[in-house]
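Structure data follow from upload_0.txt (compact mmCIF, C-alpha atoms):
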# COMPACT_ATOMS: atom_id res chain seq x y z
CA MET V 144 -6.77 -114.66 103.91
CA SER V 145 -8.80 -111.55 104.76
CA CYS V 146 -9.86 -108.62 102.62
CA ARG V 147 -11.24 -105.14 103.18
CA LEU V 148 -14.39 -103.82 101.49
CA LEU V 149 -15.77 -100.30 101.98
CA TYR V 150 -19.35 -99.44 100.99
CA ILE V 151 -20.84 -95.96 100.73
CA VAL V 152 -24.61 -95.54 101.01
CA GLY V 153 -26.67 -92.35 100.93
CA GLY V 154 -28.73 -93.24 103.99
CA LEU V 155 -30.40 -96.08 105.86
CA ILE V 156 -33.98 -95.33 104.89
CA GLN V 157 -36.53 -97.96 103.89
CA GLY V 158 -35.66 -98.49 100.24
CA GLY V 159 -34.66 -101.05 97.67
CA LEU V 160 -30.96 -100.26 97.50
CA GLU V 161 -30.61 -100.21 101.28
CA GLN V 162 -32.29 -103.61 101.46
CA GLN V 163 -30.02 -105.01 98.76
CA LEU V 164 -26.89 -103.74 100.52
CA CYS V 165 -28.14 -105.31 103.75
CA TYR V 166 -28.69 -108.60 101.90
CA LEU V 167 -25.20 -108.45 100.37
CA LEU V 168 -23.49 -107.74 103.68
CA GLY V 169 -25.55 -110.29 105.56
CA THR V 170 -24.82 -113.08 103.07
CA MET V 171 -21.08 -112.60 102.49
CA ASP V 172 -18.43 -114.06 104.78
CA ARG V 173 -17.92 -110.97 106.92
CA ALA V 174 -14.96 -112.41 108.82
CA ARG V 175 -13.13 -112.93 105.56
CA TYR V 176 -14.13 -109.80 103.64
CA ARG V 177 -14.20 -107.36 106.60
CA PRO V 178 -16.78 -104.90 105.22
CA ALA V 179 -17.39 -101.41 106.58
CA VAL V 180 -20.06 -98.87 105.60
CA VAL V 181 -19.94 -95.09 105.24
CA VAL V 182 -23.39 -93.52 105.68
CA TRP V 183 -23.40 -90.25 103.73
CA ASN V 184 -26.55 -88.72 105.29
CA TYR V 185 -26.97 -90.41 108.67
CA ARG V 186 -30.07 -90.03 110.82
CA GLU V 187 -30.62 -91.90 114.05
CA SER V 188 -34.29 -92.41 113.12
CA ASP V 189 -33.61 -94.22 109.83
CA PRO V 190 -35.43 -97.60 109.88
CA TYR V 191 -32.56 -99.69 108.48
CA LEU V 192 -30.07 -98.55 111.12
CA VAL V 193 -30.96 -101.44 113.43
CA ARG V 194 -30.47 -104.00 110.65
CA PHE V 195 -27.00 -102.71 109.82
CA ARG V 196 -25.99 -102.56 113.47
CA ASP V 197 -27.20 -106.13 113.99
CA LEU V 198 -24.74 -107.27 111.31
CA GLY V 199 -21.87 -106.09 113.50
CA ILE V 200 -20.34 -104.03 110.68
CA PRO V 201 -18.45 -100.79 111.45
CA LEU V 202 -20.49 -97.72 110.46
CA TYR V 203 -18.80 -94.41 109.67
CA CYS V 204 -21.51 -91.77 109.76
CA LEU V 205 -21.85 -88.31 108.24
CA THR V 206 -24.90 -86.16 108.90
CA GLY V 207 -26.87 -84.14 106.41
CA ALA V 208 -25.64 -80.97 108.10
CA THR V 209 -22.02 -81.75 107.20
CA SER V 210 -20.79 -79.85 104.13
CA ARG V 211 -19.92 -81.77 100.98
CA VAL V 212 -16.27 -80.70 101.25
CA ALA V 213 -16.08 -81.92 104.84
CA LYS V 214 -17.65 -85.23 103.85
CA LEU V 215 -15.11 -85.78 101.08
CA SER V 216 -12.27 -84.97 103.49
CA ALA V 217 -13.62 -87.40 106.08
CA LEU V 218 -14.00 -90.12 103.46
CA ARG V 219 -10.41 -89.73 102.31
CA ARG V 220 -9.26 -89.91 105.91
CA TRP V 221 -11.23 -93.13 106.49
CA VAL V 222 -9.88 -94.64 103.27
CA ARG V 223 -6.31 -94.00 104.43
CA GLN V 224 -7.16 -95.52 107.80
CA LEU V 225 -8.99 -98.63 106.54
CA GLN V 226 -7.00 -99.22 103.34
CA PRO V 227 -9.84 -101.02 101.55
CA GLU V 228 -9.20 -103.08 98.46
CA VAL V 229 -12.62 -102.16 97.03
CA ILE V 230 -14.61 -98.94 97.50
CA HIS V 231 -18.18 -99.49 96.31
CA SER V 232 -20.70 -96.65 96.17
CA TYR V 233 -24.14 -98.23 96.54
CA SER V 234 -26.08 -95.00 95.93
CA PHE V 235 -25.88 -93.08 92.67
CA HIS V 236 -25.39 -89.67 94.30
CA THR V 237 -22.36 -90.93 96.26
CA ASN V 238 -20.58 -92.30 93.17
CA PHE V 239 -18.26 -89.34 92.72
CA GLY V 240 -17.52 -89.37 96.44
CA ALA V 241 -16.23 -92.94 96.07
CA GLU V 242 -14.05 -91.82 93.15
CA TRP V 243 -12.65 -88.81 94.95
CA GLY V 244 -12.20 -90.54 98.29
CA GLY V 245 -10.31 -93.41 96.72
CA ARG V 246 -7.96 -91.44 94.49
CA GLY V 247 -4.39 -92.02 95.48
CA ALA V 248 -5.31 -95.25 97.27
CA GLN V 249 -4.64 -98.73 95.93
CA ALA V 250 -8.33 -99.55 95.76
CA ILE V 251 -10.79 -100.59 93.08
CA ARG V 252 -13.49 -97.94 92.84
CA ILE V 253 -16.93 -98.91 91.63
CA GLY V 254 -20.24 -97.06 91.48
CA SER V 255 -23.93 -97.91 91.18
CA ILE V 256 -26.79 -97.08 88.85
CA ARG V 257 -30.10 -98.21 90.34
CA GLY V 258 -33.30 -97.16 88.63
CA GLU V 259 -33.92 -95.00 85.58
CA PHE V 260 -30.58 -93.48 84.50
CA THR V 261 -31.76 -90.10 83.17
CA ARG V 262 -33.98 -89.51 86.20
CA GLN V 263 -31.09 -90.24 88.58
CA VAL V 264 -28.76 -87.87 86.74
CA GLN V 265 -31.37 -85.08 86.75
CA SER V 266 -32.38 -85.55 90.39
CA THR V 267 -28.76 -85.49 91.57
CA GLY V 268 -28.16 -82.09 89.98
CA PRO V 269 -26.75 -80.74 86.71
CA TRP V 270 -23.07 -81.04 87.66
CA LEU V 271 -22.98 -83.69 90.37
CA GLY V 272 -25.32 -85.89 88.32
CA ARG V 273 -22.92 -85.88 85.39
CA LEU V 274 -19.93 -86.56 87.61
CA CYS V 275 -21.70 -89.50 89.31
CA ALA V 276 -22.71 -90.92 85.92
CA ARG V 277 -19.12 -90.93 84.65
CA TRP V 278 -17.10 -91.67 87.81
CA PRO V 279 -16.12 -94.16 89.01
CA ARG V 280 -15.38 -95.37 85.50
CA ASP V 281 -16.71 -98.83 86.43
CA GLN V 282 -20.23 -99.26 87.78
CA ILE V 283 -22.83 -101.90 88.65
CA CYS V 284 -26.43 -101.64 87.45
CA ASN V 285 -29.29 -103.73 88.86
CA SER V 286 -31.45 -103.59 85.72
CA ARG V 287 -30.95 -104.88 82.18
CA ASN V 288 -33.43 -102.29 80.95
CA VAL V 289 -31.51 -99.45 82.59
CA ALA V 290 -28.19 -100.81 81.30
CA GLU V 291 -29.51 -100.55 77.74
CA ALA V 292 -30.52 -96.93 78.38
CA VAL V 293 -27.04 -96.15 79.73
CA GLY V 294 -25.53 -97.65 76.58
CA HIS V 295 -27.50 -95.19 74.44
CA SER V 296 -26.46 -92.12 76.44
CA GLY V 297 -23.70 -89.75 75.34
CA PRO V 298 -20.05 -90.83 75.75
CA PHE V 299 -19.38 -88.28 78.51
CA LEU V 300 -22.47 -89.36 80.41
CA ARG V 301 -21.71 -93.02 80.97
CA PRO V 302 -19.11 -95.21 82.71
CA SER V 303 -16.47 -97.19 80.84
CA ARG V 304 -17.67 -100.57 82.05
CA LEU V 305 -21.11 -101.47 83.33
CA PHE V 306 -21.90 -104.77 85.05
CA VAL V 307 -25.51 -105.92 85.40
CA VAL V 308 -26.26 -107.60 88.75
CA PRO V 309 -30.02 -108.10 89.33
CA ASN V 310 -31.42 -107.82 92.84
CA GLY V 311 -31.57 -110.85 95.11
CA LEU V 312 -34.07 -111.92 97.73
CA ASP V 313 -34.05 -113.83 101.02
CA LEU V 314 -36.27 -116.74 100.01
CA GLN V 315 -36.29 -118.09 103.57
CA ARG V 316 -37.95 -114.92 104.79
CA PHE V 317 -40.68 -114.93 102.15
CA ARG V 318 -42.84 -118.07 102.25
CA VAL V 319 -45.98 -119.15 100.44
CA THR V 320 -49.13 -118.95 102.57
CA PRO V 321 -52.76 -119.68 101.63
CA LEU V 322 -54.78 -116.85 100.14
CA PRO V 323 -57.16 -115.12 102.56
CA ALA V 324 -60.39 -117.10 102.72
CA GLY V 325 -63.51 -115.23 101.64
CA GLY V 326 -64.17 -111.52 102.00
CA PRO V 327 -63.11 -108.76 99.62
CA ALA V 328 -60.02 -109.13 97.44
CA ALA V 329 -57.14 -107.66 99.45
CA ILE V 330 -54.88 -105.66 97.12
CA VAL V 331 -51.45 -104.58 98.35
CA GLY V 332 -49.00 -101.98 97.07
CA LEU V 333 -45.44 -101.83 98.43
CA GLY V 334 -43.29 -98.74 97.99
CA SER V 335 -42.65 -95.19 99.08
CA LEU V 336 -45.34 -92.56 98.60
CA GLN V 337 -43.31 -90.72 95.98
CA PRO V 338 -44.73 -89.20 92.77
CA LEU V 339 -42.91 -91.66 90.51
CA LYS V 340 -44.66 -94.63 92.19
CA ARG V 341 -47.98 -93.37 90.79
CA TRP V 342 -50.23 -94.80 93.51
CA ASP V 343 -52.90 -92.46 92.14
CA ARG V 344 -53.30 -94.98 89.30
CA LEU V 345 -54.03 -97.74 91.78
CA LEU V 346 -56.63 -95.65 93.62
CA ASP V 347 -58.31 -94.66 90.36
CA ALA V 348 -58.50 -98.33 89.36
CA VAL V 349 -59.98 -99.34 92.73
CA GLY V 350 -62.56 -96.60 92.35
CA VAL V 351 -63.61 -97.97 88.94
CA LEU V 352 -63.77 -101.53 90.25
CA ARG V 353 -65.83 -100.70 93.31
CA ARG V 354 -68.29 -98.63 91.29
CA ALA V 355 -68.68 -101.71 89.09
CA GLY V 356 -69.67 -103.70 92.18
CA MET V 357 -66.38 -105.57 92.66
CA ASP V 358 -65.54 -106.10 96.32
CA CYS V 359 -61.93 -105.12 97.01
CA THR V 360 -59.75 -103.16 99.41
CA VAL V 361 -56.25 -101.74 99.01
CA ARG V 362 -53.43 -101.33 101.48
CA ILE V 363 -50.35 -99.30 100.49
CA VAL V 364 -47.23 -99.85 102.60
CA GLY V 365 -44.75 -97.00 102.59
CA GLU V 366 -44.23 -93.39 103.57
CA GLY V 367 -43.56 -90.23 101.63
CA PRO V 368 -44.69 -86.79 100.47
CA CYS V 369 -47.76 -87.96 98.53
CA ARG V 370 -49.66 -89.21 101.58
CA THR V 371 -51.99 -86.21 101.89
CA ALA V 372 -52.72 -86.12 98.16
CA LEU V 373 -53.56 -89.84 98.17
CA GLU V 374 -55.81 -89.48 101.23
CA ASN V 375 -57.66 -86.64 99.51
CA GLN V 376 -57.96 -88.66 96.30
CA ALA V 377 -59.47 -91.62 98.16
CA ARG V 378 -62.08 -89.34 99.75
CA GLU V 379 -62.93 -87.70 96.42
CA LEU V 380 -63.36 -91.11 94.80
CA GLY V 381 -65.61 -92.25 97.65
CA ILE V 382 -63.36 -95.18 98.53
CA ALA V 383 -61.71 -93.90 101.73
CA GLU V 384 -63.21 -96.77 103.74
CA ALA V 385 -61.52 -99.28 101.40
CA VAL V 386 -58.07 -97.64 101.35
CA ALA V 387 -55.41 -97.91 104.06
CA LEU V 388 -52.11 -96.02 103.88
CA VAL V 389 -50.27 -97.85 106.63
CA GLY V 390 -46.85 -96.20 106.45
CA TYR V 391 -43.57 -98.00 106.97
CA GLN V 392 -43.96 -101.61 108.08
CA GLU V 393 -41.20 -104.02 109.04
CA ASP V 394 -43.16 -107.23 108.50
CA ILE V 395 -43.53 -107.28 104.71
CA PRO V 396 -43.92 -111.10 104.61
CA GLY V 397 -46.85 -110.73 107.02
CA ILE V 398 -48.41 -108.01 104.88
CA LEU V 399 -48.15 -110.19 101.77
CA SER V 400 -49.61 -113.20 103.59
CA GLU V 401 -52.82 -111.18 104.01
CA ALA V 402 -52.91 -110.10 100.35
CA THR V 403 -54.84 -111.59 97.44
CA PHE V 404 -52.49 -110.00 94.92
CA LEU V 405 -50.02 -107.13 94.51
CA VAL V 406 -50.33 -104.14 92.19
CA HIS V 407 -47.27 -102.07 91.24
CA THR V 408 -48.02 -98.88 89.29
CA SER V 409 -44.63 -97.16 89.06
CA ASP V 410 -43.43 -94.90 86.24
CA SER V 411 -39.76 -95.60 86.95
CA GLU V 412 -37.99 -98.70 88.27
CA GLY V 413 -34.81 -100.69 88.17
CA CYS V 414 -35.34 -104.22 89.48
CA PRO V 415 -38.23 -103.71 91.95
CA ASN V 416 -37.98 -105.60 95.23
CA ALA V 417 -41.74 -105.37 95.77
CA VAL V 418 -42.50 -107.44 92.67
CA MET V 419 -39.91 -110.06 93.62
CA GLU V 420 -41.18 -110.26 97.20
CA ALA V 421 -44.76 -110.79 96.08
CA MET V 422 -43.74 -113.56 93.68
CA ALA V 423 -41.63 -115.25 96.36
CA SER V 424 -44.69 -115.14 98.64
CA GLY V 425 -46.83 -116.89 96.05
CA ARG V 426 -48.80 -113.76 95.18
CA VAL V 427 -49.71 -112.89 91.62
CA VAL V 428 -48.57 -109.46 90.39
CA VAL V 429 -50.13 -106.78 88.18
CA ALA V 430 -47.44 -104.24 87.32
CA THR V 431 -46.61 -101.48 84.88
CA ASP V 432 -43.84 -102.08 82.35
CA ALA V 433 -41.20 -100.04 84.20
CA GLY V 434 -37.57 -101.18 84.46
CA ASP V 435 -37.10 -104.95 84.59
CA VAL V 436 -40.74 -105.74 85.39
CA PRO V 437 -41.27 -107.42 81.97
CA GLN V 438 -38.34 -109.75 82.75
CA LEU V 439 -39.50 -110.49 86.30
CA VAL V 440 -43.18 -111.07 85.56
CA GLU V 441 -44.01 -113.69 82.93
CA GLU V 442 -47.08 -112.28 81.20
CA GLY V 443 -50.10 -114.49 81.76
CA ARG V 444 -48.12 -116.99 83.85
CA THR V 445 -46.89 -115.27 87.02
CA GLY V 446 -48.88 -112.08 86.58
CA PHE V 447 -49.79 -109.33 84.15
CA VAL V 448 -47.67 -106.50 82.76
CA VAL V 449 -49.55 -103.41 81.58
CA ARG V 450 -48.26 -100.47 79.61
CA ARG V 451 -47.74 -97.31 81.66
CA GLY V 452 -50.70 -95.07 81.02
CA ASP V 453 -53.05 -97.85 79.92
CA GLU V 454 -55.52 -97.44 82.77
CA GLU V 455 -58.17 -99.62 81.11
CA ALA V 456 -55.77 -102.56 80.92
CA LEU V 457 -54.84 -102.08 84.58
CA VAL V 458 -58.50 -102.21 85.62
CA ARG V 459 -59.19 -105.20 83.38
CA ARG V 460 -56.30 -107.26 84.76
CA MET V 461 -57.19 -106.45 88.35
CA ALA V 462 -60.82 -107.39 87.69
CA SER V 463 -59.78 -110.76 86.29
CA LEU V 464 -57.95 -111.59 89.52
CA ILE V 465 -60.70 -110.29 91.80
CA GLY V 466 -63.14 -112.60 90.05
CA ASP V 467 -60.97 -115.72 89.98
CA ARG V 468 -59.20 -116.80 93.16
CA GLU V 469 -58.06 -120.06 91.54
CA LEU V 470 -56.23 -118.03 88.91
CA CYS V 471 -54.52 -116.11 91.73
CA VAL V 472 -53.40 -119.37 93.33
CA ARG V 473 -52.14 -120.88 90.08
CA MET V 474 -50.17 -117.80 89.00
CA GLY V 475 -48.86 -117.31 92.52
CA ARG V 476 -47.39 -120.82 92.52
CA ALA V 477 -45.69 -120.13 89.19
CA GLY V 478 -44.27 -116.92 90.64
CA ARG V 479 -42.78 -118.75 93.62
CA ALA V 480 -41.22 -121.32 91.32
CA LYS V 481 -39.56 -118.57 89.30
CA ALA V 482 -38.34 -116.88 92.48
CA GLU V 483 -36.69 -120.11 93.60
CA ARG V 484 -34.97 -120.46 90.23
CA GLU V 485 -33.79 -116.89 89.79
CA PHE V 486 -34.04 -114.63 92.86
CA GLY V 487 -31.70 -116.24 95.41
CA LEU V 488 -29.12 -114.24 97.33
CA ASP V 489 -26.34 -116.41 95.97
CA ARG V 490 -26.92 -114.72 92.60
CA LEU V 491 -26.53 -111.26 94.16
CA VAL V 492 -23.26 -112.04 95.96
CA ALA V 493 -21.77 -113.95 93.02
CA GLY V 494 -22.63 -111.14 90.61
CA VAL V 495 -21.13 -108.39 92.76
CA PHE V 496 -17.95 -110.36 93.46
CA HIS V 497 -17.62 -111.26 89.78
CA ALA V 498 -17.59 -107.53 88.96
CA TYR V 499 -14.87 -106.90 91.58
CA GLN V 500 -12.77 -109.76 90.19
CA ALA V 501 -13.17 -108.53 86.63
CA LEU V 502 -11.65 -105.24 87.81
CA GLY V 503 -8.61 -106.97 89.34
CA TRP V 504 -9.74 -107.90 92.85
CA ALA V 505 -7.87 -111.07 93.78
CA CYS V 506 -9.32 -111.92 97.19
This entry written out as C-alpha cells:
Amino acid sequence: MSCRLLYIVGGLIQGGLEQQLCYLLGTMDRARYRPAVVVWNYRESDPYLVRFRDLGIPLYCLTGATSRVAKLSALRRWVRQLQPEVIHSYSFHTNFGAEWGGRGAQAIRIGSIRGEFTRQVQSTGPWLGRLCARWPRDQICNSRNVAEAVGHSGPFLRPSRLFVVPNGLDLQRFRVTPLPAGGPAAIVGLGSLQPLKRWDRLLDAVGVLRRAGMDCTVRIVGEGPCRTALENQARELGIAEAVALVGYQEDIPGILSEATFLVHTSDSEGCPNAVMEAMASGRVVVATDAGDVPQLVEEGRTGFVVRRGDEEALVRRMASLIGDRELCVRMGRAGRAKAEREFGLDRLVAGVFHAYQALGWAC
C-alpha cells in the first residue's frame, strides 16, 4: 500500500524547520509514503538544497520573483496532478497556501506554527499572518510553550486543532567527544545572526568575563544581517581577537566537538535545535528561557536556564562553567542521557503521523 504526502516549505535555507523537515523525510519510508516537496521561494544557492536532492524526493520549485497569485495557481495545478492524501505546510507563511491549494481536493490540509506565535503572525503581515494563523484549521506546533500562547489568543486568530510535536534529532550524527584539553574555554553559539537571537548578549557577557581575567573565546556559527553590528560590538568591547563569526557551517557535530559549552541567548524560540544538538554532543548548555528551553534543559543538571534580560545571571553561569571543567563533563553526560531518552527521530515521525491519523489519514 502506498500513499502520497505533499510538503510545502518556504525555502531551503539553513534553519531549524528546514532541518526538521529533512529529518522527517529522511526517516520515513519514502517508498511507501511517496513524499514530494513544494519550495515556495527557491534559490539555487540555498544550503539545504543538496540535502533534499540527496533524498531523491521530487521538488516543485517556485522562485521569489513569482507573484503570489501565480504561486497559488501552480500549487493547485500540482495538487491536481499529484493527488496527495495529506498537504502539510511546514512554514508558517505558507499555511494559507496549503489551505487554498488543497481546496476542492480530497486531501487533509495541515499547517505549522514554529516559534513564537505573535511574532510569526506580525512578521508575515497584517492580513496574511491572520490567514496563516487560522487556516488550515488543523496545525502542528513544535513547542509546548508556544501551544499555550496560541490557546490564549483570540478565537479568530487560532486553528481549531493544534497538535504538539517536539523536534527530533539524529542521535547517530551527534556523538559525545572529550572536552578540549587545556587552553581557554571555547564557547559556541549556533544560530542565524538575526536580531531575535540576541548574540549581543553573549558578546557583552564575554567582555565582562575577559575583563575579570577569565580565559575564554566564542565562536558563533550562522549568517545574517547582524554580522556587521556584532563585529563592531566585539571591537568596541576589546574582544575582537577572542570572537569568531564563522558563518554557515555544515559540520555542526565537529564544531560542538571543539566546544567547552554552548550559550544560547535568544529572545524567541520554539524548540531550539541548537540546544538539543549540544546536549546530544555531551555539551552543557547555558540558555535564556525562550520557548521550550526550560523543558529541554534541566536546571542545574544538564545546564542552566537564565531569565531573558538577566545579564548578571548569564555571566555568573558562564563563569561557573569556565572555572570548572569537571562540572562541564558531568552536566554534559546528563544532557546526552536526556537526549537519548527524549530526542530521537522516532518521536518526530510518530508524532507527525499521529496528527495525520487523528485527522482521518488511514495509510
At a cut-off of 12 Å, using all atoms listed in the file, what residues contact Gly367 of chain V? Leave out same-chain residues fewer than 6 positions from it and give the result as an mmCIF file with C-alpha atoms, in the coordinates of the input.
data_model
loop_
_atom_site.group_PDB
_atom_site.id
_atom_site.type_symbol
_atom_site.label_atom_id
_atom_site.label_comp_id
_atom_site.auth_asym_id
_atom_site.auth_seq_id
_atom_site.Cartn_x
_atom_site.Cartn_y
_atom_site.Cartn_z
ATOM 1 C CA ILE V 156 -33.980 -95.330 104.890
ATOM 2 C CA GLN V 157 -36.530 -97.960 103.890
ATOM 3 C CA GLY V 158 -35.660 -98.490 100.240
ATOM 4 C CA GLY V 334 -43.290 -98.740 97.990
ATOM 5 C CA SER V 335 -42.650 -95.190 99.080
ATOM 6 C CA LEU V 336 -45.340 -92.560 98.600
ATOM 7 C CA GLN V 337 -43.310 -90.720 95.980
ATOM 8 C CA PRO V 338 -44.730 -89.200 92.770
ATOM 9 C CA LEU V 339 -42.910 -91.660 90.510
ATOM 10 C CA LYS V 340 -44.660 -94.630 92.190
ATOM 11 C CA TRP V 342 -50.230 -94.800 93.510
ATOM 12 C CA LEU V 373 -53.560 -89.840 98.170
ATOM 13 C CA LEU V 388 -52.110 -96.020 103.880
ATOM 14 C CA VAL V 389 -50.270 -97.850 106.630
ATOM 15 C CA GLY V 390 -46.850 -96.200 106.450
ATOM 16 C CA TYR V 391 -43.570 -98.000 106.970
#
Report the distance between atom CA of Leu225 of chain V and atom CA of Leu148 of chain V in Å, rounded to one decimal place. 9.0 Å
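Shortest separation to Ile283 of chain V among V:Gly494, V:Gly503, V:Gly434, V:Gly207 occurs at residue V:Gly494, atoms counted being all atoms listed in the file.
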Which neighbours of Asn285 of chain V fall inside 6 Å, counting all atoms listed in the file, when residues of the same chain fewer than 3 positions from it are skipped, and could you give them as a PyMOL selection string? chain V and resi 257+307-309
Generate the output file for the selected residues, C-alpha atoms, as a CSV table (one decimal), in the frame of the given file.
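Writing done, so here's out32.csv:
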chain,number,residue,atom,x,y,z
V,257,ARG,CA,-30.1,-98.2,90.3
V,307,VAL,CA,-25.5,-105.9,85.4
V,308,VAL,CA,-26.3,-107.6,88.8
V,309,PRO,CA,-30.0,-108.1,89.3
Contact residues around Gln163 of chain V with all atoms listed in the file at 12 Å, ignoring same-chain residues under 5 positions, as a ChimeraX atom specification: /V:152,155,157-158,168-170,191,194-195,233-234,257,285,308-313,414-416,486-488,490-492,495
Could you turn the residues from that selection into a file that holds C-alpha atoms, as a PDB file, in the frame of the given file?
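For reference, selection25.pdb as written:
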ATOM      1  CA  VAL V 152     -24.610 -95.540 101.010  1.00  0.00           C
ATOM      2  CA  LEU V 155     -30.400 -96.080 105.860  1.00  0.00           C
ATOM      3  CA  GLN V 157     -36.530 -97.960 103.890  1.00  0.00           C
ATOM      4  CA  GLY V 158     -35.660 -98.490 100.240  1.00  0.00           C
ATOM      5  CA  LEU V 168     -23.490-107.740 103.680  1.00  0.00           C
ATOM      6  CA  GLY V 169     -25.550-110.290 105.560  1.00  0.00           C
ATOM      7  CA  THR V 170     -24.820-113.080 103.070  1.00  0.00           C
ATOM      8  CA  TYR V 191     -32.560 -99.690 108.480  1.00  0.00           C
ATOM      9  CA  ARG V 194     -30.470-104.000 110.650  1.00  0.00           C
ATOM     10  CA  PHE V 195     -27.000-102.710 109.820  1.00  0.00           C
ATOM     11  CA  TYR V 233     -24.140 -98.230  96.540  1.00  0.00           C
ATOM     12  CA  SER V 234     -26.080 -95.000  95.930  1.00  0.00           C
ATOM     13  CA  ARG V 257     -30.100 -98.210  90.340  1.00  0.00           C
ATOM     14  CA  ASN V 285     -29.290-103.730  88.860  1.00  0.00           C
ATOM     15  CA  VAL V 308     -26.260-107.600  88.750  1.00  0.00           C
ATOM     16  CA  PRO V 309     -30.020-108.100  89.330  1.00  0.00           C
ATOM     17  CA  ASN V 310     -31.420-107.820  92.840  1.00  0.00           C
ATOM     18  CA  GLY V 311     -31.570-110.850  95.110  1.00  0.00           C
ATOM     19  CA  LEU V 312     -34.070-111.920  97.730  1.00  0.00           C
ATOM     20  CA  ASP V 313     -34.050-113.830 101.020  1.00  0.00           C
ATOM     21  CA  CYS V 414     -35.340-104.220  89.480  1.00  0.00           C
ATOM     22  CA  PRO V 415     -38.230-103.710  91.950  1.00  0.00           C
ATOM     23  CA  ASN V 416     -37.980-105.600  95.230  1.00  0.00           C
ATOM     24  CA  PHE V 486     -34.040-114.630  92.860  1.00  0.00           C
ATOM     25  CA  GLY V 487     -31.700-116.240  95.410  1.00  0.00           C
ATOM     26  CA  LEU V 488     -29.120-114.240  97.330  1.00  0.00           C
ATOM     27  CA  ARG V 490     -26.920-114.720  92.600  1.00  0.00           C
ATOM     28  CA  LEU V 491     -26.530-111.260  94.160  1.00  0.00           C
ATOM     29  CA  VAL V 492     -23.260-112.040  95.960  1.00  0.00           C
ATOM     30  CA  VAL V 495     -21.130-108.390  92.760  1.00  0.00           C
TER      31      VAL V 495
END
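The two atoms in question, atom CA of Arg220 of chain V and atom CA of Ile251 of chain V, are spaced 16.8 Å apart.
By chain and then residue number, the residues within 9 Å of Ala421 of chain V are Phe317, Pro396, Leu399, Phe404, Leu405, Asn416, Ala417, Gly425, Arg426, Val427, Val428, Gly475, Gly478 and Arg479 of chain V, counting all atoms listed in the file and disregarding those fewer than 4 positions away in sequence.
Closest to Cys165 of chain V among V:Val472, V:Val264, V:Val180, V:Ala348 is V:Val180, based on all atoms listed in the file.
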Kindly give the distance, in Å, that separates atom CA of Asn288 of chain V and atom CA of Gly413 of chain V, rounded to a single decimal. 7.5 Å
Show me the residues around (-20.6, -89.6, 93.4) - criterion: an atom at most 8 Å away, all atoms listed in the file counted - as a PDB file with C-alpha atoms, in the frame of the given file.
ATOM      1  CA  SER V 232     -20.700 -96.650  96.170  1.00  0.00           C
ATOM      2  CA  PHE V 235     -25.880 -93.080  92.670  1.00  0.00           C
ATOM      3  CA  HIS V 236     -25.390 -89.670  94.300  1.00  0.00           C
ATOM      4  CA  THR V 237     -22.360 -90.930  96.260  1.00  0.00           C
ATOM      5  CA  ASN V 238     -20.580 -92.300  93.170  1.00  0.00           C
ATOM      6  CA  PHE V 239     -18.260 -89.340  92.720  1.00  0.00           C
ATOM      7  CA  GLY V 240     -17.520 -89.370  96.440  1.00  0.00           C
ATOM      8  CA  ALA V 241     -16.230 -92.940  96.070  1.00  0.00           C
ATOM      9  CA  GLU V 242     -14.050 -91.820  93.150  1.00  0.00           C
ATOM     10  CA  GLY V 254     -20.240 -97.060  91.480  1.00  0.00           C
ATOM     11  CA  LEU V 271     -22.980 -83.690  90.370  1.00  0.00           C
ATOM     12  CA  GLY V 272     -25.320 -85.890  88.320  1.00  0.00           C
ATOM     13  CA  LEU V 274     -19.930 -86.560  87.610  1.00  0.00           C
ATOM     14  CA  CYS V 275     -21.700 -89.500  89.310  1.00  0.00           C
ATOM     15  CA  ALA V 276     -22.710 -90.920  85.920  1.00  0.00           C
ATOM     16  CA  TRP V 278     -17.100 -91.670  87.810  1.00  0.00           C
ATOM     17  CA  PRO V 279     -16.120 -94.160  89.010  1.00  0.00           C
TER      18      PRO V 279
END
Please return as a PyMOL selection string every residue within 7 Å of (-26.2, -92.9, 110.7), taking into account all atoms listed in the file and the file's own coordinates. chain V and resi 182+184-187+192+204-205
Shell of 9 Å around Ile395 of chain V, only C-alpha atoms, local chain residues under 6 positions omitted, as a PyMOL selection string: chain V and resi 317+333+364+420
With distances taken over all atoms listed in the file, the candidate from V:Val458, V:Ala477, V:Leu380, V:Ile465 nearest Gly443 of chain V is V:Ala477
Using all atoms listed in the file, the best pick from V:Val440, V:Arg287, V:Gly365, V:Ala328 as closest to Asp467 of chain V would be V:Ala328
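For the choices V:Asp172, V:Asp435, V:Glu379, V:Asp189, the atom-to-atom distance to Glu412 of chain V is smallest for V:Asp435 when using all atoms listed in the file.
Compared by their closest atoms to Cys146 of chain V, and using only C-alpha atoms, the residues V:Pro269, V:Pro227, V:Gly381, V:Gly244 rank with V:Pro227 nearest.
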Can you put N, CA and C atoms back into segment 405-411 of chain V and show it as a compact mmCIF listing (two decimals), in the frame of the given file?
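New file out-v6.txt:
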# COMPACT_ATOMS: atom_id res chain seq x y z
N LEU V 405 -50.75 -108.39 94.41
CA LEU V 405 -50.02 -107.13 94.51
C LEU V 405 -50.18 -106.35 93.22
N VAL V 406 -50.32 -105.03 93.35
CA VAL V 406 -50.33 -104.14 92.19
C VAL V 406 -49.19 -103.14 92.34
N HIS V 407 -48.44 -102.96 91.25
CA HIS V 407 -47.27 -102.07 91.24
C HIS V 407 -47.44 -101.12 90.06
N THR V 408 -47.59 -99.82 90.33
CA THR V 408 -48.02 -98.88 89.29
C THR V 408 -46.95 -97.85 88.93
N SER V 409 -45.69 -98.14 89.16
CA SER V 409 -44.63 -97.16 89.06
C SER V 409 -44.37 -96.70 87.62
N ASP V 410 -43.89 -95.45 87.52
CA ASP V 410 -43.43 -94.90 86.24
C ASP V 410 -41.96 -95.19 86.00
N SER V 411 -41.21 -95.45 87.07
CA SER V 411 -39.76 -95.60 86.95
C SER V 411 -39.28 -96.66 87.93
